[in-house]
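Here's the structure, in C-alpha coordinates; my notes come after.
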Amino acid sequence: MIRCLQTLLLLLLGTRLTQSAPTIQNNFFYRDLFGGNGNRESMHIMYHFIWLQVSHTNKCNTCSFSPYLGRVQLRRDVPGDAALFMTELQLNDTGRYRCEVVDGLEDKSTFIDLELRGVVFPYQHPRGRYLLSFLGAQQVCEEQDSSLATFTQLLQSWKEGLNWCNAGWLADGTVQYPITRPRVPCGGHGLAAGVRNYGRRRLHLHHYDVFCFTSSLRGRVYYLQPYRKMNLTEAQQVCHEDGAEVAKVGQLYAAWQFRGLDHCDAGWLADGSVRYPITRPRKNCGPSEPGVRSFGFPPPQHKHGVYCYKSVDE
(Lines give C-alpha, C1' and ligand atoms only; values in the text may rest on other atoms or scores of the structure.)
Protein backbone atom coordinates (compact mmCIF):
# COMPACT_ATOMS: atom_id res chain seq x y z
CA MET A 1 0.00 0.00 0.00
CA ILE A 2 1.29 3.44 -0.91
CA ARG A 3 0.32 5.87 1.86
CA CYS A 4 0.39 9.63 2.03
CA LEU A 5 0.33 11.50 5.36
CA GLN A 6 -0.65 15.16 5.37
CA THR A 7 -0.72 17.15 8.65
CA LEU A 8 -2.11 20.44 9.91
CA LEU A 9 -0.80 21.82 13.25
CA LEU A 10 -3.01 24.36 15.00
CA LEU A 11 -2.40 26.13 18.37
CA LEU A 12 -5.74 26.62 20.14
CA LEU A 13 -7.41 26.83 23.57
CA GLY A 14 -9.65 24.37 25.40
CA THR A 15 -9.74 21.29 27.60
CA ARG A 16 -11.58 18.31 26.16
CA LEU A 17 -12.40 16.51 22.91
CA THR A 18 -15.84 16.48 21.33
CA GLN A 19 -17.21 16.34 17.82
CA SER A 20 -20.35 17.55 16.08
CA ALA A 21 -22.27 15.81 13.31
CA PRO A 22 -24.49 18.15 11.30
CA THR A 23 -26.23 17.03 8.14
CA ILE A 24 -25.28 17.92 4.57
CA GLN A 25 -27.33 17.86 1.39
CA ASN A 26 -25.39 18.03 -1.86
CA ASN A 27 -23.82 15.83 -4.51
CA PHE A 28 -21.32 14.30 -2.07
CA PHE A 29 -22.45 11.61 0.36
CA TYR A 30 -20.65 10.98 3.64
CA ARG A 31 -20.81 8.89 6.73
CA ASP A 32 -22.68 10.57 9.59
CA LEU A 33 -19.72 12.55 10.92
CA PHE A 34 -19.65 15.10 8.12
CA GLY A 35 -21.60 18.24 7.42
CA GLY A 36 -21.67 21.61 5.67
CA ASN A 37 -23.70 24.62 4.67
CA GLY A 38 -25.93 22.80 2.18
CA ASN A 39 -24.73 24.42 -1.03
CA ARG A 40 -21.07 23.53 -1.32
CA GLU A 41 -19.20 20.34 -0.53
CA SER A 42 -17.57 20.46 2.89
CA MET A 43 -16.35 18.56 5.93
CA HIS A 44 -16.89 20.00 9.41
CA ILE A 45 -15.22 18.65 12.59
CA MET A 46 -15.53 20.44 15.97
CA TYR A 47 -13.23 19.96 18.97
CA HIS A 48 -12.25 21.39 22.36
CA PHE A 49 -8.46 21.42 22.51
CA ILE A 50 -5.15 23.09 23.24
CA TRP A 51 -3.09 21.44 20.48
CA LEU A 52 -4.89 19.83 17.57
CA GLN A 53 -3.10 17.77 14.96
CA VAL A 54 -5.15 16.69 11.96
CA SER A 55 -3.57 14.01 9.78
CA HIS A 56 -4.95 12.72 6.49
CA THR A 57 -3.95 9.26 5.30
CA ASN A 58 -4.81 8.43 1.70
CA LYS A 59 -3.82 5.74 -0.79
CA CYS A 60 -1.90 7.79 -3.32
CA ASN A 61 1.57 8.09 -4.78
CA THR A 62 2.36 11.71 -3.95
CA CYS A 63 2.44 13.74 -0.73
CA SER A 64 1.62 17.42 -1.01
CA PHE A 65 0.10 19.96 1.35
CA SER A 66 -0.70 22.46 -1.41
CA PRO A 67 -4.07 20.91 -2.40
CA TYR A 68 -5.46 22.07 0.98
CA LEU A 69 -4.41 25.70 0.61
CA GLY A 70 -7.44 27.98 0.51
CA ARG A 71 -9.81 25.09 1.28
CA VAL A 72 -9.11 24.56 4.99
CA GLN A 73 -9.92 27.10 7.65
CA LEU A 74 -10.36 27.27 11.40
CA ARG A 75 -13.71 28.51 12.74
CA ARG A 76 -14.37 29.37 16.40
CA ASP A 77 -18.12 29.82 16.69
CA VAL A 78 -18.31 29.03 20.43
CA PRO A 79 -15.78 30.04 23.13
CA GLY A 80 -13.58 27.06 23.94
CA ASP A 81 -14.52 25.24 20.76
CA ALA A 82 -13.06 25.27 17.27
CA ALA A 83 -14.05 23.70 13.99
CA LEU A 84 -11.83 22.57 11.16
CA PHE A 85 -13.79 23.43 8.03
CA MET A 86 -12.89 21.98 4.62
CA THR A 87 -14.63 23.34 1.52
CA GLU A 88 -14.71 22.33 -2.14
CA LEU A 89 -13.97 18.69 -1.39
CA GLN A 90 -11.93 16.92 -4.04
CA LEU A 91 -11.93 13.28 -5.10
CA ASN A 92 -8.55 12.58 -3.47
CA ASP A 93 -9.73 13.95 -0.10
CA THR A 94 -11.26 10.55 0.59
CA GLY A 95 -9.43 8.65 3.32
CA ARG A 96 -8.92 8.56 7.07
CA TYR A 97 -8.48 11.71 9.18
CA ARG A 98 -6.84 11.50 12.61
CA CYS A 99 -7.49 14.35 15.03
CA GLU A 100 -5.16 14.42 18.04
CA VAL A 101 -5.48 16.71 21.06
CA VAL A 102 -2.40 17.41 23.23
CA ASP A 103 -3.10 19.06 26.61
CA GLY A 104 0.09 19.15 28.66
CA LEU A 105 1.07 15.53 29.26
CA GLU A 106 -2.29 14.20 28.15
CA ASP A 107 -3.42 13.56 24.63
CA LYS A 108 -6.53 12.17 22.97
CA SER A 109 -7.20 11.24 19.38
CA THR A 110 -9.98 10.00 17.17
CA PHE A 111 -10.26 8.75 13.60
CA ILE A 112 -12.87 9.85 11.08
CA ASP A 113 -13.28 8.25 7.66
CA LEU A 114 -14.27 10.47 4.77
CA GLU A 115 -15.82 8.38 2.04
CA LEU A 116 -17.15 10.07 -1.07
CA ARG A 117 -19.88 8.07 -2.74
CA GLY A 118 -20.50 8.45 -6.43
CA VAL A 119 -20.26 6.37 -9.56
CA VAL A 120 -17.52 3.95 -10.69
CA PHE A 121 -17.03 3.43 -14.41
CA PRO A 122 -14.68 1.19 -16.40
CA TYR A 123 -12.30 2.81 -18.87
CA GLN A 124 -9.87 1.43 -21.42
CA HIS A 125 -7.24 2.88 -23.72
CA PRO A 126 -8.56 4.18 -27.09
CA ARG A 127 -6.43 1.54 -28.87
CA GLY A 128 -8.01 -1.35 -27.00
CA ARG A 129 -8.08 -3.61 -23.98
CA TYR A 130 -5.33 -3.96 -21.34
CA LEU A 131 -2.97 -1.21 -22.48
CA LEU A 132 -2.73 0.91 -19.31
CA SER A 133 0.05 0.78 -16.74
CA PHE A 134 -0.83 1.96 -13.24
CA LEU A 135 0.51 5.45 -13.93
CA GLY A 136 -1.30 5.51 -17.27
CA ALA A 137 -4.50 4.50 -15.47
CA GLN A 138 -4.10 7.37 -13.01
CA GLN A 139 -3.59 9.80 -15.87
CA VAL A 140 -6.60 8.78 -17.94
CA CYS A 141 -8.91 8.94 -14.92
CA GLU A 142 -7.71 12.47 -14.12
CA GLU A 143 -8.14 13.47 -17.77
CA GLN A 144 -11.77 12.32 -17.57
CA ASP A 145 -12.55 14.44 -14.46
CA SER A 146 -12.30 11.48 -12.09
CA SER A 147 -9.85 9.53 -9.94
CA LEU A 148 -8.80 5.92 -9.54
CA ALA A 149 -11.55 4.01 -7.75
CA THR A 150 -10.86 2.40 -4.38
CA PHE A 151 -11.82 -1.18 -3.55
CA THR A 152 -14.59 0.12 -1.27
CA GLN A 153 -16.04 2.17 -4.12
CA LEU A 154 -15.85 -0.75 -6.56
CA LEU A 155 -17.45 -3.09 -4.03
CA GLN A 156 -20.32 -0.66 -3.49
CA SER A 157 -20.82 -0.35 -7.25
CA TRP A 158 -20.88 -4.15 -7.54
CA LYS A 159 -23.60 -4.26 -4.87
CA GLU A 160 -25.51 -1.72 -6.97
CA GLY A 161 -25.24 -3.94 -10.06
CA LEU A 162 -21.94 -3.13 -11.81
CA ASN A 163 -21.06 -6.14 -13.96
CA TRP A 164 -17.83 -5.89 -15.98
CA CYS A 165 -15.63 -8.70 -17.22
CA ASN A 166 -12.42 -6.73 -17.93
CA ALA A 167 -9.91 -6.42 -15.09
CA GLY A 168 -8.89 -2.90 -14.10
CA TRP A 169 -6.50 -1.04 -11.81
CA LEU A 170 -7.67 0.30 -8.45
CA ALA A 171 -6.11 3.02 -6.31
CA ASP A 172 -4.20 0.56 -4.09
CA GLY A 173 -2.35 -0.99 -7.03
CA THR A 174 -4.48 -4.13 -7.16
CA VAL A 175 -6.32 -5.33 -10.27
CA GLN A 176 -9.94 -6.47 -9.87
CA TYR A 177 -13.27 -6.67 -11.67
CA PRO A 178 -16.94 -6.99 -10.56
CA ILE A 179 -19.21 -9.83 -11.69
CA THR A 180 -22.91 -10.04 -10.86
CA ARG A 181 -23.70 -12.72 -13.46
CA PRO A 182 -21.05 -15.49 -13.52
CA ARG A 183 -20.25 -16.79 -17.02
CA VAL A 184 -17.53 -18.70 -18.83
CA PRO A 185 -15.28 -15.79 -19.98
CA CYS A 186 -15.36 -14.26 -16.48
CA GLY A 187 -14.10 -17.02 -14.23
CA GLY A 188 -16.69 -19.63 -15.19
CA HIS A 189 -20.13 -20.56 -13.89
CA GLY A 190 -18.62 -22.37 -10.90
CA LEU A 191 -17.48 -19.16 -9.19
CA ALA A 192 -20.01 -17.18 -7.21
CA ALA A 193 -20.79 -13.58 -8.10
CA GLY A 194 -18.40 -11.10 -6.54
CA VAL A 195 -15.38 -8.89 -7.11
CA ARG A 196 -12.60 -10.96 -8.71
CA ASN A 197 -9.13 -10.05 -7.47
CA TYR A 198 -5.87 -10.53 -9.40
CA GLY A 199 -3.97 -9.13 -6.41
CA ARG A 200 -1.27 -6.48 -6.49
CA ARG A 201 0.49 -6.05 -9.83
CA ARG A 202 3.74 -4.38 -10.84
CA LEU A 203 2.84 -0.75 -11.44
CA HIS A 204 5.13 -0.13 -14.42
CA LEU A 205 5.27 -3.58 -15.99
CA HIS A 206 1.70 -4.86 -16.06
CA HIS A 207 -1.10 -3.41 -18.17
CA TYR A 208 -4.86 -3.57 -17.67
CA ASP A 209 -7.93 -1.38 -17.98
CA VAL A 210 -8.96 0.89 -15.08
CA PHE A 211 -11.92 1.66 -12.86
CA CYS A 212 -12.40 5.41 -12.39
CA PHE A 213 -14.56 7.18 -9.82
CA THR A 214 -16.43 10.47 -9.97
CA SER A 215 -18.56 12.01 -7.25
CA SER A 216 -19.85 15.43 -8.23
CA LEU A 217 -20.83 17.65 -11.14
CA ARG A 218 -20.28 21.38 -10.80
CA GLY A 219 -21.76 22.27 -14.17
CA ARG A 220 -24.25 21.06 -16.76
CA VAL A 221 -23.91 18.36 -19.42
CA TYR A 222 -26.24 18.56 -22.40
CA TYR A 223 -26.64 17.08 -25.87
CA LEU A 224 -26.10 19.40 -28.82
CA GLN A 225 -26.78 18.84 -32.50
CA PRO A 226 -27.52 22.22 -34.11
CA TYR A 227 -28.33 21.28 -37.73
CA ARG A 228 -26.63 18.03 -38.60
CA LYS A 229 -24.36 15.41 -37.15
CA MET A 230 -20.69 16.35 -36.93
CA ASN A 231 -17.19 14.93 -36.98
CA LEU A 232 -15.07 15.35 -33.84
CA THR A 233 -13.50 18.66 -34.91
CA GLU A 234 -16.90 20.16 -35.77
CA ALA A 235 -18.28 18.90 -32.44
CA GLN A 236 -15.51 20.67 -30.55
CA GLN A 237 -16.28 23.87 -32.46
CA VAL A 238 -20.03 23.89 -31.78
CA CYS A 239 -19.49 23.39 -28.05
CA HIS A 240 -16.99 26.26 -28.06
CA GLU A 241 -19.42 28.50 -29.94
CA ASP A 242 -22.05 27.69 -27.30
CA GLY A 243 -19.73 28.86 -24.51
CA ALA A 244 -18.95 25.32 -23.41
CA GLU A 245 -16.49 22.48 -24.01
CA VAL A 246 -16.88 18.87 -25.06
CA ALA A 247 -17.86 16.85 -21.97
CA LYS A 248 -15.47 14.37 -20.42
CA VAL A 249 -16.44 10.78 -19.67
CA GLY A 250 -16.54 11.37 -15.91
CA GLN A 251 -18.80 14.38 -16.41
CA LEU A 252 -21.23 12.34 -18.52
CA TYR A 253 -21.36 9.60 -15.88
CA ALA A 254 -21.90 12.18 -13.12
CA ALA A 255 -24.72 13.82 -15.10
CA TRP A 256 -26.32 10.40 -15.62
CA GLN A 257 -25.94 9.39 -11.97
CA PHE A 258 -26.73 12.66 -10.16
CA ARG A 259 -28.87 14.63 -12.62
CA GLY A 260 -30.73 11.79 -14.32
CA LEU A 261 -29.44 12.71 -17.79
CA ASP A 262 -31.29 10.53 -20.30
CA HIS A 263 -30.74 10.89 -24.03
CA CYS A 264 -30.97 8.18 -26.67
CA ASP A 265 -28.62 9.87 -29.16
CA ALA A 266 -24.94 8.99 -29.26
CA GLY A 267 -22.56 11.92 -29.01
CA TRP A 268 -18.86 12.74 -29.05
CA LEU A 269 -16.94 13.14 -25.80
CA ALA A 270 -13.63 14.89 -25.20
CA ASP A 271 -11.55 11.71 -25.34
CA GLY A 272 -12.83 10.88 -28.84
CA SER A 273 -15.27 8.23 -27.66
CA VAL A 274 -18.99 8.18 -28.50
CA ARG A 275 -21.50 7.43 -25.74
CA TYR A 276 -25.01 8.20 -24.52
CA PRO A 277 -26.71 8.05 -21.08
CA ILE A 278 -29.93 6.14 -20.36
CA THR A 279 -31.81 6.28 -17.05
CA ARG A 280 -35.12 4.99 -18.50
CA PRO A 281 -34.37 1.91 -20.65
CA ARG A 282 -36.67 1.64 -23.67
CA LYS A 283 -36.87 0.19 -27.14
CA ASN A 284 -34.05 1.11 -29.52
CA CYS A 285 -31.93 2.57 -26.67
CA GLY A 286 -29.75 -0.40 -25.85
CA PRO A 287 -29.93 -3.01 -23.06
CA SER A 288 -32.74 -3.26 -20.54
CA GLU A 289 -30.65 -1.82 -17.67
CA PRO A 290 -29.88 1.88 -17.08
CA GLY A 291 -26.34 2.92 -17.91
CA VAL A 292 -24.00 4.87 -20.14
CA ARG A 293 -23.81 3.12 -23.52
CA SER A 294 -20.55 3.21 -25.44
CA PHE A 295 -19.71 2.93 -29.13
CA GLY A 296 -16.00 2.94 -28.36
CA PHE A 297 -13.61 5.23 -30.24
CA PRO A 298 -14.80 5.59 -33.86
CA PRO A 299 -12.69 7.36 -36.50
CA PRO A 300 -12.83 11.13 -35.89
CA GLN A 301 -14.40 11.77 -39.31
CA HIS A 302 -17.54 9.83 -38.35
CA LYS A 303 -20.68 11.90 -37.80
CA HIS A 304 -22.48 12.15 -34.45
CA GLY A 305 -23.99 14.69 -32.09
CA VAL A 306 -21.96 15.93 -29.12
CA TYR A 307 -22.30 16.18 -25.35
CA CYS A 308 -21.15 19.59 -24.14
CA TYR A 309 -20.23 20.68 -20.62
CA LYS A 310 -20.78 24.18 -19.27
CA SER A 311 -19.35 25.00 -15.85
CA VAL A 312 -21.31 26.80 -13.14
CA ASP A 313 -19.29 30.00 -13.61
CA GLU A 314 -20.10 30.04 -17.31
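Here's how to read the names in the C-alpha coordinates: chain A, B, ... by the order shown, residue numbers from 1 in each chain, ligand numbers from 1 in the order shown.
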Spatial neighbours of range 150-159 of chain A, max dist 8 Å, only C-alpha atoms, sep filter under 5 positions, as a PDB file with N, CA, C and O atoms, in the first residue's frame:
```pdb
ATOM      1  N   ARG A 117     -19.133   9.062  -1.977  1.00  0.00           N
ATOM      2  CA  ARG A 117     -19.881   8.070  -2.742  1.00  0.00           C
ATOM      3  C   ARG A 117     -20.318   8.682  -4.056  1.00  0.00           C
ATOM      4  O   ARG A 117     -20.800   9.805  -4.100  1.00  0.00           O
ATOM      5  N   VAL A 119     -20.071   7.384  -8.535  1.00  0.00           N
ATOM      6  CA  VAL A 119     -20.257   6.365  -9.561  1.00  0.00           C
ATOM      7  C   VAL A 119     -18.882   5.892 -10.052  1.00  0.00           C
ATOM      8  O   VAL A 119     -17.981   6.694 -10.292  1.00  0.00           O
ATOM      9  N   VAL A 120     -18.732   4.586 -10.150  1.00  0.00           N
ATOM     10  CA  VAL A 120     -17.522   3.954 -10.692  1.00  0.00           C
ATOM     11  C   VAL A 120     -17.799   3.561 -12.136  1.00  0.00           C
ATOM     12  O   VAL A 120     -18.857   3.010 -12.445  1.00  0.00           O
ATOM     13  N   LEU A 170      -7.054  -0.466  -9.522  1.00  0.00           N
ATOM     14  CA  LEU A 170      -7.668   0.297  -8.446  1.00  0.00           C
ATOM     15  C   LEU A 170      -6.594   1.148  -7.775  1.00  0.00           C
ATOM     16  O   LEU A 170      -5.397   0.983  -8.021  1.00  0.00           O
ATOM     17  N   ALA A 171      -7.025   2.047  -6.888  1.00  0.00           N
ATOM     18  CA  ALA A 171      -6.113   3.024  -6.305  1.00  0.00           C
ATOM     19  C   ALA A 171      -4.997   2.395  -5.476  1.00  0.00           C
ATOM     20  O   ALA A 171      -3.933   2.994  -5.313  1.00  0.00           O
ATOM     21  N   ASP A 172      -5.213   1.194  -4.923  1.00  0.00           N
ATOM     22  CA  ASP A 172      -4.202   0.561  -4.087  1.00  0.00           C
ATOM     23  C   ASP A 172      -3.204  -0.273  -4.879  1.00  0.00           C
ATOM     24  O   ASP A 172      -2.367  -0.968  -4.300  1.00  0.00           O
ATOM     25  N   PRO A 178     -15.694  -6.586 -11.222  1.00  0.00           N
ATOM     26  CA  PRO A 178     -16.936  -6.989 -10.556  1.00  0.00           C
ATOM     27  C   PRO A 178     -17.825  -7.840 -11.471  1.00  0.00           C
ATOM     28  O   PRO A 178     -18.062  -7.502 -12.626  1.00  0.00           O
ATOM     29  N   ILE A 179     -18.341  -8.927 -10.929  1.00  0.00           N
ATOM     30  CA  ILE A 179     -19.210  -9.826 -11.690  1.00  0.00           C
ATOM     31  C   ILE A 179     -20.499 -10.080 -10.901  1.00  0.00           C
ATOM     32  O   ILE A 179     -20.447 -10.578  -9.772  1.00  0.00           O
ATOM     33  N   THR A 180     -21.621  -9.733 -11.482  1.00  0.00           N
ATOM     34  CA  THR A 180     -22.912 -10.045 -10.857  1.00  0.00           C
ATOM     35  C   THR A 180     -23.568 -11.251 -11.504  1.00  0.00           C
ATOM     36  O   THR A 180     -24.407 -11.904 -10.887  1.00  0.00           O
ATOM     37  N   GLY A 194     -19.243 -11.837  -7.478  1.00  0.00           N
ATOM     38  CA  GLY A 194     -18.399 -11.097  -6.544  1.00  0.00           C
ATOM     39  C   GLY A 194     -17.393 -10.245  -7.273  1.00  0.00           C
ATOM     40  O   GLY A 194     -17.452 -10.089  -8.504  1.00  0.00           O
ATOM     41  N   VAL A 195     -16.459  -9.697  -6.533  1.00  0.00           N
ATOM     42  CA  VAL A 195     -15.382  -8.892  -7.113  1.00  0.00           C
ATOM     43  C   VAL A 195     -14.155  -9.783  -7.226  1.00  0.00           C
ATOM     44  O   VAL A 195     -13.591 -10.227  -6.223  1.00  0.00           O
ATOM     45  N   PHE A 211     -10.633   1.223 -13.386  1.00  0.00           N
ATOM     46  CA  PHE A 211     -11.921   1.662 -12.862  1.00  0.00           C
ATOM     47  C   PHE A 211     -11.739   3.057 -12.273  1.00  0.00           C
ATOM     48  O   PHE A 211     -10.940   3.257 -11.353  1.00  0.00           O
ATOM     49  N   PHE A 213     -13.498   6.789 -10.753  1.00  0.00           N
ATOM     50  CA  PHE A 213     -14.556   7.180  -9.816  1.00  0.00           C
ATOM     51  C   PHE A 213     -14.804   8.674  -9.925  1.00  0.00           C
ATOM     52  O   PHE A 213     -13.873   9.471  -9.948  1.00  0.00           O
TER      53      PHE A 213
END
```
Contacts of Trp169 in chain A within 6 Å, only C-alpha atoms, excl. fewer than 5 positions in-chain, as an mmCIF file with C-alpha atoms, in the first residue's frame:
```
data_model
loop_
_atom_site.group_PDB
_atom_site.id
_atom_site.type_symbol
_atom_site.label_atom_id
_atom_site.label_comp_id
_atom_site.auth_asym_id
_atom_site.auth_seq_id
_atom_site.Cartn_x
_atom_site.Cartn_y
_atom_site.Cartn_z
ATOM 1 C CA THR A 174 -4.479 -4.131 -7.163
ATOM 2 C CA VAL A 175 -6.324 -5.332 -10.275
ATOM 3 C CA VAL A 210 -8.958 0.889 -15.082
#
```
Checklist entry - So which residues touch Ala254 in chain A within 12 Å, counting only C-alpha atoms, skipping near sequence neighbours fewer than 6 positions away, as number ranges by chain? => result A: 27-28, 117-121, 144-146, 212-221, 247-248, 260-262, 277, 291-292, 309
Deliver the residues from the most recent selection as a file, using N, CA and C atoms, as an mmCIF file, in the first residue's frame.
```cif
data_model
loop_
_atom_site.group_PDB
_atom_site.id
_atom_site.type_symbol
_atom_site.label_atom_id
_atom_site.label_comp_id
_atom_site.auth_asym_id
_atom_site.auth_seq_id
_atom_site.Cartn_x
_atom_site.Cartn_y
_atom_site.Cartn_z
ATOM 1 N N ASN A 27 -24.151 16.954 -3.642
ATOM 2 C CA ASN A 27 -23.824 15.829 -4.512
ATOM 3 C C ASN A 27 -22.778 14.890 -3.938
ATOM 4 N N PHE A 28 -22.194 15.222 -2.758
ATOM 5 C CA PHE A 28 -21.318 14.301 -2.075
ATOM 6 C C PHE A 28 -22.116 13.602 -0.984
ATOM 7 N N ARG A 117 -19.133 9.062 -1.977
ATOM 8 C CA ARG A 117 -19.881 8.070 -2.742
ATOM 9 C C ARG A 117 -20.318 8.682 -4.056
ATOM 10 N N GLY A 118 -20.143 7.930 -5.116
ATOM 11 C CA GLY A 118 -20.501 8.454 -6.426
ATOM 12 C C GLY A 118 -20.720 7.317 -7.399
ATOM 13 N N VAL A 119 -20.071 7.384 -8.535
ATOM 14 C CA VAL A 119 -20.257 6.365 -9.561
ATOM 15 C C VAL A 119 -18.882 5.892 -10.052
ATOM 16 N N VAL A 120 -18.732 4.586 -10.150
ATOM 17 C CA VAL A 120 -17.522 3.954 -10.692
ATOM 18 C C VAL A 120 -17.799 3.561 -12.136
ATOM 19 N N PHE A 121 -16.851 3.839 -13.019
ATOM 20 C CA PHE A 121 -17.028 3.429 -14.406
ATOM 21 C C PHE A 121 -15.737 2.826 -14.952
ATOM 22 N N GLN A 144 -10.320 12.449 -17.405
ATOM 23 C CA GLN A 144 -11.770 12.324 -17.568
ATOM 24 C C GLN A 144 -12.533 12.857 -16.348
ATOM 25 N N ASP A 145 -11.911 13.778 -15.596
ATOM 26 C CA ASP A 145 -12.555 14.436 -14.455
ATOM 27 C C ASP A 145 -12.946 13.418 -13.386
ATOM 28 N N SER A 146 -12.023 12.518 -13.075
ATOM 29 C CA SER A 146 -12.299 11.480 -12.089
ATOM 30 C C SER A 146 -10.985 11.081 -11.428
ATOM 31 N N CYS A 212 -12.456 4.015 -12.845
ATOM 32 C CA CYS A 212 -12.398 5.407 -12.393
ATOM 33 C C CYS A 212 -13.615 5.716 -11.523
ATOM 34 N N PHE A 213 -13.498 6.789 -10.753
ATOM 35 C CA PHE A 213 -14.556 7.180 -9.816
ATOM 36 C C PHE A 213 -14.804 8.674 -9.925
ATOM 37 N N THR A 214 -16.072 9.065 -10.005
ATOM 38 C CA THR A 214 -16.429 10.475 -9.974
ATOM 39 C C THR A 214 -17.582 10.663 -9.004
ATOM 40 N N SER A 215 -17.614 11.844 -8.351
ATOM 41 C CA SER A 215 -18.564 12.008 -7.252
ATOM 42 C C SER A 215 -19.349 13.310 -7.287
ATOM 43 N N SER A 216 -19.112 14.173 -8.227
ATOM 44 C CA SER A 216 -19.847 15.434 -8.233
ATOM 45 C C SER A 216 -19.813 16.050 -9.617
ATOM 46 N N LEU A 217 -20.774 16.924 -9.866
ATOM 47 C CA LEU A 217 -20.833 17.647 -11.137
ATOM 48 C C LEU A 217 -21.106 19.104 -10.822
ATOM 49 N N ARG A 218 -20.150 19.970 -11.133
ATOM 50 C CA ARG A 218 -20.278 21.383 -10.800
ATOM 51 C C ARG A 218 -20.784 22.220 -11.972
ATOM 52 N N GLY A 219 -21.232 21.556 -13.008
ATOM 53 C CA GLY A 219 -21.756 22.267 -14.172
ATOM 54 C C GLY A 219 -22.905 21.484 -14.782
ATOM 55 N N ARG A 220 -23.113 21.692 -16.066
ATOM 56 C CA ARG A 220 -24.247 21.064 -16.760
ATOM 57 C C ARG A 220 -23.751 20.366 -18.024
ATOM 58 N N VAL A 221 -24.193 19.128 -18.204
ATOM 59 C CA VAL A 221 -23.911 18.365 -19.417
ATOM 60 C C VAL A 221 -25.182 18.309 -20.249
ATOM 61 N N ALA A 247 -17.832 17.496 -23.285
ATOM 62 C CA ALA A 247 -17.863 16.853 -21.975
ATOM 63 C C ALA A 247 -16.862 15.710 -21.893
ATOM 64 N N LYS A 248 -16.358 15.495 -20.693
ATOM 65 C CA LYS A 248 -15.474 14.366 -20.422
ATOM 66 C C LYS A 248 -16.313 13.169 -19.977
ATOM 67 N N GLY A 260 -29.765 12.573 -13.559
ATOM 68 C CA GLY A 260 -30.735 11.793 -14.320
ATOM 69 C C GLY A 260 -30.703 12.058 -15.809
ATOM 70 N N LEU A 261 -29.541 12.420 -16.355
ATOM 71 C CA LEU A 261 -29.444 12.707 -17.786
ATOM 72 C C LEU A 261 -29.819 11.466 -18.594
ATOM 73 N N ASP A 262 -30.756 11.634 -19.507
ATOM 74 C CA ASP A 262 -31.288 10.525 -20.297
ATOM 75 C C ASP A 262 -31.471 11.010 -21.728
ATOM 76 N N PRO A 277 -26.236 8.460 -22.401
ATOM 77 C CA PRO A 277 -26.711 8.047 -21.081
ATOM 78 C C PRO A 277 -28.197 7.684 -21.096
ATOM 79 N N GLY A 291 -27.794 2.855 -17.811
ATOM 80 C CA GLY A 291 -26.344 2.919 -17.909
ATOM 81 C C GLY A 291 -25.893 3.912 -18.964
ATOM 82 N N VAL A 292 -24.591 4.045 -19.085
ATOM 83 C CA VAL A 292 -23.998 4.874 -20.136
ATOM 84 C C VAL A 292 -23.528 3.930 -21.224
ATOM 85 N N TYR A 309 -20.258 20.403 -22.056
ATOM 86 C CA TYR A 309 -20.226 20.680 -20.619
ATOM 87 C C TYR A 309 -20.022 22.161 -20.395
#
```
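The shortest atom-to-atom distance to Glu245 in chain A, with only C-alpha atoms taken into account, belongs to A:Tyr223 out of A:Phe111, A:Tyr208, A:Phe258, A:Tyr223.
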Item to check | Those of range 54-283 of chain A in DSSP strand (DSSP E), formatted as a PyMOL selection string | outcome: chain A and resi 54-59+72-75+82-87+95-103+106-114+119-123+147-148+168-169+174-179+194-200+209-214+219-224+245-246+267-268+274-278
Next on the checklist: Considering only alpha helix (DSSP H) as DSSP defines it on the backbone, what residues of range 84-271 of chain A qualify? List them as a ChimeraX atom specification.
Outcome noted: /A:134-143,151-159,232-241,249-259
Item to check | Contacts of Tyr307 in chain A within 9 Å, only C-alpha atoms, excl. fewer than 6 positions in-chain, as number ranges by chain | outcome: A: 221-225, 235, 239, 245-248, 252, 266-270, 275-276
Next on the checklist: Measuring between only C-alpha atoms, which one of A:Pro182, A:Gly250, A:Gly190, A:Gly128 shows the shortest distance to Val140 in chain A?
Outcome noted: A:Gly250
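If you measure from each of A:Trp256, A:Arg98, A:Asn284, A:His125 to Ile112 in chain A using only C-alpha atoms, the closest one turns out to be A:Arg98.
The spacing separating CA of Arg96 in chain A from CA of Ala149 in chain A amounts to 15.7 Å.
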Item to check | Shell around Gln301 in chain A at 9 Å using only C-alpha atoms, local window under 3 positions removed, as number ranges by chain | outcome: A: 230-233, 298
For the residues in that selection, give me N, CA and C atoms as a CSV table (one decimal), in the first residue's frame.
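Result file out.csv:
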```
chain,number,residue,atom,x,y,z
A,230,MET,N,-22.0,15.7,-36.7
A,230,MET,CA,-20.7,16.3,-36.9
A,230,MET,C,-19.5,15.4,-36.7
A,231,ASN,N,-18.4,15.7,-37.3
A,231,ASN,CA,-17.2,14.9,-37.0
A,231,ASN,C,-16.6,15.5,-35.7
A,232,LEU,N,-15.6,14.9,-35.2
A,232,LEU,CA,-15.1,15.4,-33.8
A,232,LEU,C,-14.6,16.8,-33.8
A,233,THR,N,-14.0,17.3,-34.9
A,233,THR,CA,-13.5,18.7,-34.9
A,233,THR,C,-14.7,19.6,-34.9
A,298,PRO,N,-14.7,5.7,-32.4
A,298,PRO,CA,-14.8,5.6,-33.9
A,298,PRO,C,-13.8,6.6,-34.5
```
